[in-house]
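Reviewing the structure listed below.
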Amino acid sequence: AAALLGLPATVYVPETVPATKARRIEETGARLIRHGGTYAEAAAAATAAAATDPGARYLPAYDHPDVIAGQGTVAAEVVAEAPDVDAVAVAVGGGGLAAGTALAAGGRTTVAVEPEHCSALHQALAAGEPVDAAVDSVAASALGATRVGELPFAVLSAAPVVSLLVTDDELLAARDRLWDEFRLLVEPAAAVPFAAWLAGRVPGELPCIVLCGANTDR
């Protein structure tokens with residue numbers, strides 16, 4: 001987007017960023033900075049850098065109304081093309097995609113799925129507010145938010161949302177099945193909602209399973 005607008009872009013990621021993701025970011029022309037061991041640390045560094053540069057603007061990965069609205073276009077297209085869908089299942093990191101889904105799904109159930117040891121939204125819903133959560137999952141490179149965003153939480157706590165958890169073994173098996181049976185190559189995080197569906201935990205007569213993320217080396 002920055003390239004289309006002729007603007008410079010700097011992307012902060014943790015030092016653990018997968019090589020494929022880092023390469024694809026740099027191929028767009030963005031400047032890539034690795035900082036810290038978690039996305040929270042990378043985001044803090046990005047915020048601090050933007051604050052010292054009068055010409056820079058920090059854009060959060062999920063905790064911003066424009067980002068949420070943009071991510072909601074996925075669900076808007078789903079319900080436009082398949083209006084009989086009664087639930088939309090998505091993976092959750094910081095909550096932007098899930099919040100956008102809840103806003104665009106026209107009252108349909110949003111099924112928010114997370115790895116069991118990387119579950120910022122699930123823990124926030126249980127606590128009644130965003131709380132810090134541990135990050136320990138093979139899908140953490142995409143879903144490794146230590147705290148769900150304030151705006152996504154406000155949306156999701158007021159919407160028809162089902163919060164589900166899957167194990168790392170379940171999501172890896174789901175990823176492998178997507179390749180073996182459908183030749184769909186996705187990263188572990190993208191297979192999270194499919195893992196919940198395979199386990200029979202996704203509600204609805206005709207749910208839509210969103211596969212979002214192809215940053216994988218396999």
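Residue numbering restarts at 1 in every chain; chains get A, B, ... in the order shown in the structure tokens, and ligands count up from 1 in that same order.
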Please build the interface table for region 95-160 of chain A against region 202-214 of chain A with a cut-off of 9 Å, listing for each qualifying residue the nearest atom pair and the distance in Å to one decimal; count only C-alpha atoms, order rows by chain and increasing number, and write it as a Markdown table.
```
| residue | atom | partner | partner_atom | distance |
| --- | --- | --- | --- | --- |
| A:Thr109 | CA | A:Gly204 | CA | 8.1 |
| A:Val111 | CA | A:Val202 | CA | 7.0 |
| A:Ala142 | CA | A:Gly213 | CA | 8.2 |
```
Would you mind exporting the chosen residues as a PDB file, in the first residue's frame, restricted to all heavy atoms?
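Saved the output as again_13.pdb:
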```pdb
ATOM      1  N   THR A 109     -22.581 -15.541  13.464  1.00  0.00           N
ATOM      2  CA  THR A 109     -21.641 -15.853  14.542  1.00  0.00           C
ATOM      3  C   THR A 109     -20.206 -15.751  14.043  1.00  0.00           C
ATOM      4  O   THR A 109     -19.858 -16.288  12.993  1.00  0.00           O
ATOM      5  CB  THR A 109     -21.884 -17.271  15.081  1.00  0.00           C
ATOM      6  OG1 THR A 109     -23.220 -17.348  15.591  1.00  0.00           O
ATOM      7  CG2 THR A 109     -20.898 -17.611  16.196  1.00  0.00           C
ATOM      8  N   VAL A 111     -16.618 -17.014  14.868  1.00  0.00           N
ATOM      9  CA  VAL A 111     -15.946 -18.063  15.628  1.00  0.00           C
ATOM     10  C   VAL A 111     -14.468 -17.700  15.692  1.00  0.00           C
ATOM     11  O   VAL A 111     -13.762 -17.744  14.679  1.00  0.00           O
ATOM     12  CB  VAL A 111     -16.143 -19.441  14.983  1.00  0.00           C
ATOM     13  CG1 VAL A 111     -15.540 -20.532  15.867  1.00  0.00           C
ATOM     14  CG2 VAL A 111     -17.633 -19.706  14.747  1.00  0.00           C
ATOM     15  N   ALA A 142       2.523 -15.564  13.867  1.00  0.00           N
ATOM     16  CA  ALA A 142       1.419 -14.768  13.328  1.00  0.00           C
ATOM     17  C   ALA A 142       0.385 -14.421  14.390  1.00  0.00           C
ATOM     18  O   ALA A 142      -0.269 -13.385  14.307  1.00  0.00           O
ATOM     19  CB  ALA A 142       0.742 -15.510  12.186  1.00  0.00           C
TER      20      ALA A 142
END
```
All residues 8 Å or closer to region 27-39 of chain A, only C-alpha atoms, same chain fewer than 4 positions away omitted, as number ranges by chain:
A: 3, 8-17, 22-23, 43, 45, 144-146
Contacts of region 57-113 of chain A with region 118-137 of chain A up to 8 Å, shortest pair per row, only C-alpha atoms, as CSV:
```
residue,atom,partner,partner_atom,distance
A:Val92,CA,A:Leu121,CA,7.4
A:Gly93,CA,A:Ala120,CA,7.2
A:Gly94,CA,A:Ala120,CA,7.3
A:Gly95,CA,A:Leu121,CA,7.0
```
Once DSSP has gone over the backbone, tell me which residues of region 66-199 of chain A are in helix (DSSP H, G or I), as a PyMOL selection string.
chain A and resi 66-71+73-81+96-104+120-127+140-143+150-156+168-182+188-198
Report as CSV the residues of region 11-72 of chain A within 12 Å of region 168-188 of chain A, each with its shortest atom pair and distance in Å (one decimal), using only C-alpha atoms, ordered by chain and increasing residue number.
```
residue,atom,partner,partner_atom,distance
A:Pro18,CA,A:Glu187,CA,10.4
A:Thr20,CA,A:Glu187,CA,10.4
A:Lys21,CA,A:Glu187,CA,10.3
```
Restricting it to C-alpha atoms, dump the selection as a CSV table (one decimal), in the first residue's frame.
```csv
chain,number,residue,atom,x,y,z
A,18,PRO,CA,10.1,-16.5,9.9
A,20,THR,CA,9.8,-16.3,4.4
A,21,LYS,CA,7.8,-13.6,6.1
```
Tell me which of A:Pro152, A:Pro83, A:Pro193, A:Pro115 sits closest to Val166 (chain A), counting only C-alpha atoms.
A:Pro115
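Note that DSSP on the backbone gives strand (DSSP E or B) to these residues of region 4-142 of chain A: Thr10, Val11, Tyr12, Val13, Arg31, Leu32, Ile33, Arg34, Ala87, Val88, Ala89, Val90, Ala91, Thr109, Thr110, Val111, Ala112, Val113, Glu114 and Pro115 of chain A.
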Generate the output file for the selected residues, N, CA and C atoms, as a PDB file, in the first residue's frame.
```
ATOM      1  N   THR A  10       8.340   1.390   7.098  1.00  0.00           N
ATOM      2  CA  THR A  10       9.240   0.625   7.954  1.00  0.00           C
ATOM      3  C   THR A  10       8.398  -0.354   8.757  1.00  0.00           C
ATOM      4  N   VAL A  11       8.762  -1.609   8.712  1.00  0.00           N
ATOM      5  CA  VAL A  11       8.006  -2.654   9.398  1.00  0.00           C
ATOM      6  C   VAL A  11       8.868  -3.249  10.513  1.00  0.00           C
ATOM      7  N   TYR A  12       8.344  -3.213  11.723  1.00  0.00           N
ATOM      8  CA  TYR A  12       9.031  -3.798  12.876  1.00  0.00           C
ATOM      9  C   TYR A  12       8.488  -5.201  13.132  1.00  0.00           C
ATOM     10  N   VAL A  13       9.386  -6.141  13.310  1.00  0.00           N
ATOM     11  CA  VAL A  13       9.020  -7.526  13.618  1.00  0.00           C
ATOM     12  C   VAL A  13       9.954  -8.028  14.716  1.00  0.00           C
ATOM     13  N   ARG A  31      11.330  -1.215   4.561  1.00  0.00           N
ATOM     14  CA  ARG A  31      12.506  -1.373   5.420  1.00  0.00           C
ATOM     15  C   ARG A  31      12.096  -2.257   6.591  1.00  0.00           C
ATOM     16  N   LEU A  32      12.845  -3.308   6.832  1.00  0.00           N
ATOM     17  CA  LEU A  32      12.501  -4.274   7.879  1.00  0.00           C
ATOM     18  C   LEU A  32      13.449  -4.115   9.056  1.00  0.00           C
ATOM     19  N   ILE A  33      12.869  -3.995  10.247  1.00  0.00           N
ATOM     20  CA  ILE A  33      13.668  -3.902  11.469  1.00  0.00           C
ATOM     21  C   ILE A  33      13.256  -5.014  12.410  1.00  0.00           C
ATOM     22  N   ARG A  34      14.214  -5.826  12.797  1.00  0.00           N
ATOM     23  CA  ARG A  34      13.978  -6.889  13.777  1.00  0.00           C
ATOM     24  C   ARG A  34      14.299  -6.363  15.163  1.00  0.00           C
ATOM     25  N   ALA A  87     -21.969 -18.807  10.046  1.00  0.00           N
ATOM     26  CA  ALA A  87     -20.871 -18.568  10.985  1.00  0.00           C
ATOM     27  C   ALA A  87     -19.593 -18.400  10.179  1.00  0.00           C
ATOM     28  N   VAL A  88     -18.697 -17.557  10.669  1.00  0.00           N
ATOM     29  CA  VAL A  88     -17.414 -17.333  10.008  1.00  0.00           C
ATOM     30  C   VAL A  88     -16.313 -17.574  11.032  1.00  0.00           C
ATOM     31  N   ALA A  89     -15.453 -18.549  10.754  1.00  0.00           N
ATOM     32  CA  ALA A  89     -14.390 -18.916  11.689  1.00  0.00           C
ATOM     33  C   ALA A  89     -13.063 -18.331  11.231  1.00  0.00           C
ATOM     34  N   VAL A  90     -12.391 -17.630  12.144  1.00  0.00           N
ATOM     35  CA  VAL A  90     -11.114 -16.984  11.826  1.00  0.00           C
ATOM     36  C   VAL A  90     -10.122 -17.234  12.949  1.00  0.00           C
ATOM     37  N   ALA A  91      -8.853 -17.161  12.606  1.00  0.00           N
ATOM     38  CA  ALA A  91      -7.803 -17.230  13.623  1.00  0.00           C
ATOM     39  C   ALA A  91      -7.662 -15.868  14.289  1.00  0.00           C
ATOM     40  N   THR A 109     -22.581 -15.541  13.464  1.00  0.00           N
ATOM     41  CA  THR A 109     -21.641 -15.853  14.542  1.00  0.00           C
ATOM     42  C   THR A 109     -20.206 -15.751  14.043  1.00  0.00           C
ATOM     43  N   THR A 110     -19.394 -15.038  14.797  1.00  0.00           N
ATOM     44  CA  THR A 110     -17.955 -15.019  14.552  1.00  0.00           C
ATOM     45  C   THR A 110     -17.319 -16.064  15.456  1.00  0.00           C
ATOM     46  N   VAL A 111     -16.618 -17.014  14.868  1.00  0.00           N
ATOM     47  CA  VAL A 111     -15.946 -18.063  15.628  1.00  0.00           C
ATOM     48  C   VAL A 111     -14.468 -17.700  15.692  1.00  0.00           C
ATOM     49  N   ALA A 112     -14.031 -17.304  16.868  1.00  0.00           N
ATOM     50  CA  ALA A 112     -12.661 -16.820  17.068  1.00  0.00           C
ATOM     51  C   ALA A 112     -11.820 -17.957  17.626  1.00  0.00           C
ATOM     52  N   VAL A 113     -10.850 -18.420  16.845  1.00  0.00           N
ATOM     53  CA  VAL A 113     -10.093 -19.605  17.223  1.00  0.00           C
ATOM     54  C   VAL A 113      -8.627 -19.240  17.481  1.00  0.00           C
ATOM     55  N   GLU A 114      -8.095 -19.777  18.589  1.00  0.00           N
ATOM     56  CA  GLU A 114      -6.706 -19.512  18.975  1.00  0.00           C
ATOM     57  C   GLU A 114      -6.015 -20.802  19.400  1.00  0.00           C
ATOM     58  N   PRO A 115      -4.681 -20.846  19.313  1.00  0.00           N
ATOM     59  CA  PRO A 115      -3.952 -21.948  19.940  1.00  0.00           C
ATOM     60  C   PRO A 115      -4.129 -21.877  21.449  1.00  0.00           C
TER      61      PRO A 115
END
```
Considering only C-alpha atoms, return as a list in words whatever protein or nucleic-acid residues lie within 8 Å of Val67 (chain A), sequence-local ones (same chain, fewer than 6 positions apart) excluded.
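These residues fall inside the cut-off: Pro60, Ala61 and Gly96 of chain A.
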With only C-alpha atoms as the counted atoms, please give the residues lying no more than 6 Å from region 68-72 of chain A, apart from itself and same-chain residues fewer than 4 positions off, as a PyMOL selection string.
chain A and resi 96-97+100-101+104
Kindly give the distance, in Å, that separates CA of Ala48 (chain A) and CA of Arg24 (chain A), rounded to a single decimal.
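Interatomic distance, CA of Ala48 (chain A) to CA of Arg24 (chain A): 24.6 Å.
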Given only C-alpha atoms as the basis, pick out the residue of A:His117, A:Thr73, A:Glu41, A:Leu156 nearest to Ala99 (chain A).
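Nearest candidate to Ala99 (chain A) out of A:His117, A:Thr73, A:Glu41, A:Leu156: A:Leu156.
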In Å, rounded to a single decimal, give me how far CA of Ala139 (chain A) is from CA of Thr216 (chain A).
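Those two atoms sit 10.8 Å apart.
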Do you have the CA of Gly200 (chain A)-CA of Gly149 (chain A) distance handy?
28.2 Å
Have a look at A:Glu116, A:Ser163, A:Ala189, A:Leu103 and name the one nearest to Ala75 (chain A); count only C-alpha atoms.
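Residue with the minimum atom-to-atom distance to Ala75 (chain A): A:Leu103.
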